[in-house]
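The data block below is query25.cif; it holds mmCIF, C-alpha atoms.
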```cif
data_coords
#
loop_
_atom_site.label_atom_id
_atom_site.label_comp_id
_atom_site.auth_asym_id
_atom_site.auth_seq_id
_atom_site.Cartn_x
_atom_site.Cartn_y
_atom_site.Cartn_z
CA MET A 898 -11.68 16.18 5.11
CA GLY A 899 -14.40 13.54 5.42
CA THR A 900 -14.01 10.09 6.80
CA CYS A 901 -11.11 8.14 5.29
CA LEU A 902 -11.39 4.36 5.26
CA PHE A 903 -7.63 3.81 5.57
CA CYS A 904 -7.27 6.42 8.34
CA ASP A 905 -9.99 4.54 10.23
CA ILE A 906 -8.13 1.25 9.68
CA ALA A 907 -4.84 2.81 10.82
CA ALA A 908 -6.58 4.18 13.93
CA GLY A 909 -7.95 0.73 14.78
CA LYS A 910 -11.59 1.77 14.23
CA ILE A 911 -11.97 -0.82 11.47
CA PRO A 912 -10.35 -4.25 11.85
CA CYS A 913 -7.78 -5.56 9.41
CA THR A 914 -5.43 -8.48 9.05
CA GLU A 915 -2.23 -6.68 9.97
CA VAL A 916 1.04 -7.81 8.42
CA HIS A 917 3.24 -4.96 9.68
CA GLY A 918 2.78 -1.94 11.86
CA ASP A 919 5.08 0.76 13.18
CA ASP A 920 4.76 4.44 14.09
CA ASP A 921 4.71 5.52 10.43
CA PHE A 922 3.15 2.72 8.39
CA LEU A 923 0.54 -0.01 8.53
CA ALA A 924 0.44 -2.99 6.18
CA PHE A 925 -2.58 -5.27 5.97
CA ARG A 926 -4.06 -7.91 3.67
CA ASP A 927 -6.50 -6.62 1.06
CA ILE A 928 -10.07 -7.84 1.62
CA ASP A 929 -10.54 -8.27 -2.16
CA PRO A 930 -7.18 -9.75 -3.24
CA LYS A 931 -6.10 -9.63 -6.88
CA ALA A 932 -3.28 -12.14 -6.29
CA PRO A 933 -2.52 -14.89 -3.77
CA THR A 934 -0.58 -12.27 -1.79
CA HIS A 935 -2.12 -8.79 -1.85
CA ILE A 936 -0.97 -6.47 0.91
CA LEU A 937 -1.62 -2.74 1.21
CA VAL A 938 1.06 -0.56 2.80
CA ILE A 939 -0.21 2.83 3.94
CA PRO A 940 1.28 5.80 5.75
CA ARG A 941 -0.48 6.35 9.08
CA GLY A 942 -0.66 10.06 8.34
CA HIS A 943 -3.20 11.01 5.71
CA VAL A 944 -1.93 11.75 2.20
CA SER A 945 -4.67 11.58 -0.43
CA GLY A 946 -2.48 10.11 -3.14
CA LEU A 947 0.83 10.08 -4.95
CA SER A 948 0.03 13.36 -6.71
CA ASP A 949 -0.40 15.08 -3.34
CA LEU A 950 3.11 14.35 -2.10
CA GLN A 951 5.18 17.43 -1.32
CA ASP A 952 8.96 17.92 -1.13
CA ALA A 953 8.69 17.43 2.64
CA ASP A 954 7.30 13.91 1.99
CA GLN A 955 10.44 12.59 0.24
CA ASP A 956 11.71 10.73 3.30
CA MET A 957 8.30 9.18 4.02
CA ALA A 958 7.85 8.11 0.40
CA GLY A 959 11.26 6.43 0.34
CA ARG A 960 10.59 4.66 3.62
CA LEU A 961 7.19 3.53 2.27
CA VAL A 962 8.91 1.74 -0.62
CA LEU A 963 11.62 0.26 1.64
CA THR A 964 8.99 -0.94 4.12
CA ALA A 965 7.02 -2.58 1.31
CA SER A 966 10.16 -4.23 -0.05
CA ARG A 967 10.98 -5.68 3.37
CA ILE A 968 7.43 -6.97 3.73
CA ALA A 969 7.61 -8.62 0.30
CA THR A 970 10.84 -10.35 1.36
CA ALA A 971 9.31 -11.43 4.69
CA GLU A 972 6.36 -12.89 2.76
CA GLY A 973 8.81 -14.91 0.60
CA LEU A 974 7.91 -13.04 -2.58
CA ASP A 975 11.45 -11.99 -3.45
CA GLN A 976 12.37 -15.41 -4.83
CA ALA A 977 9.84 -15.55 -7.68
CA GLY A 978 9.05 -11.85 -7.91
CA TYR A 979 6.30 -9.43 -7.04
CA ARG A 980 4.72 -6.21 -8.23
CA PHE A 981 4.26 -2.83 -6.58
CA VAL A 982 1.40 -0.69 -7.89
CA ILE A 983 0.37 2.83 -6.96
CA ASN A 984 -2.85 3.92 -8.63
CA CYS A 985 -3.35 7.67 -9.01
CA GLY A 986 -6.81 9.19 -9.39
CA ARG A 987 -10.05 7.67 -10.57
CA ASP A 988 -8.89 6.90 -14.12
CA GLY A 989 -5.69 5.38 -12.70
CA GLY A 990 -7.75 2.94 -10.64
CA GLN A 991 -7.44 4.61 -7.21
CA THR A 992 -10.55 3.71 -5.21
CA VAL A 993 -9.51 4.98 -1.75
CA ASP A 994 -8.23 8.54 -1.42
CA HIS A 995 -5.33 7.64 0.86
CA LEU A 996 -1.87 6.87 -0.51
CA HIS A 997 -1.32 3.12 -0.51
CA LEU A 998 1.29 0.88 -2.05
CA PRO A 999 -0.14 -2.53 -2.92
CA ILE A 1000 2.23 -5.51 -2.92
CA LEU A 1001 1.05 -8.24 -5.30
CA GLY A 1002 2.68 -11.65 -5.55
CA GLY A 1003 2.28 -15.38 -5.53
CA ARG A 1004 1.55 -15.73 -9.25
CA ALA A 1005 2.98 -14.65 -12.60
CA PHE A 1006 1.84 -11.26 -13.91
CA GLY A 1007 1.42 -10.26 -17.53
CA TRP A 1008 2.10 -7.02 -19.33
CA PRO A 1009 0.47 -4.67 -20.00
CA PRO A 1010 -1.25 -4.81 -16.61
CA GLY A 1011 -4.50 -2.97 -17.42
#
```

Can you turn what I pasted into structure tokens?
Amino acid sequence: MGTCLFCDIAAGKIPCTEVHGDDDFLAFRDIDPKAPTHILVIPRGHVSGLSDLQDADQDMAGRLVLTASRIATAEGLDQAGYRFVINCGRDGGQTVDHLHLPILGGRAFGWPPG
């Protein structure tokens, strides 16, 4: 595996504006936000993307969503609403090959999103 931007952020090699951190996950503000609130929640352990999850990752994946939900509530997004997005692969819009769950909020979103 080559260098992973999000692994370097999780390891503290690259600075970020941290919103939440624990032994398993790191959440930080996106440097190119697509909404007034745009937070990325990543597992500290490297997983390339959603398609790479294995059966053994079920617990981690569930805790990733719960962690993101709690962060959205702590940010006050639960009142008006927010969006979770997980992009998968190049055509799906994934630009960093490390699983990340973006939390977007602070404005109304339309549909379809793309």

Report as a PyMOL selection string the residues that result from applying the PyMOL selection byres ((chain A and resi 1001) around 7) to the structure here.
chain A and resi 932+934-936+979-981+999-1000+1002

For the PyMOL selection byres ((chain A and resi 925) around 12), applied here, can you spell out every residue it catches as a ChimeraX atom specification?
/A:903,906-907,909,911-918,922-924,926-930,934-940,965,968,997-1000

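For the residues A:Ser966, A:Ser948, A:Cys904, A:Pro933, ranking by smallest atom-to-atom distance to Gln991 of chain A using only C-alpha atoms places A:Ser948 first.
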
Enclose segment 963-967 of chain A, meaning all of its atoms listed in the file, in a box aligned along x, y and z, pad it by 5 Å on each side, and list the centre and edge lengths in Å to one decimal, as AutoDock Vina command-line options.
```
--center_x 9.3 --center_y -2.7 --center_z 2.0 --size_x 14.6 --size_y 15.9 --size_z 14.2
```

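A straight line drawn from atom CA of Gly946 of chain A to atom CA of Trp1008 of chain A is 24.0 Å long.
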
May I ask which of the residues A:His943, A:Lys931, A:Arg960, A:Arg987 is the closest one to Gly1003 of chain A, counting only C-alpha atoms?
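Distance minimum relative to Gly1003 of chain A lands on A:Lys931.
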
Atom CA of Asp949 of chain A to atom CA of Asp994 of chain A: how many Å, to one decimal?
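These two atoms are separated by 10.4 Å.
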
To one decimal place in Å, what is the distance between atom CA of Val944 of chain A and atom CA of His995 of chain A?
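Between atom CA of Val944 of chain A and atom CA of His995 of chain A the gap is 5.5 Å.
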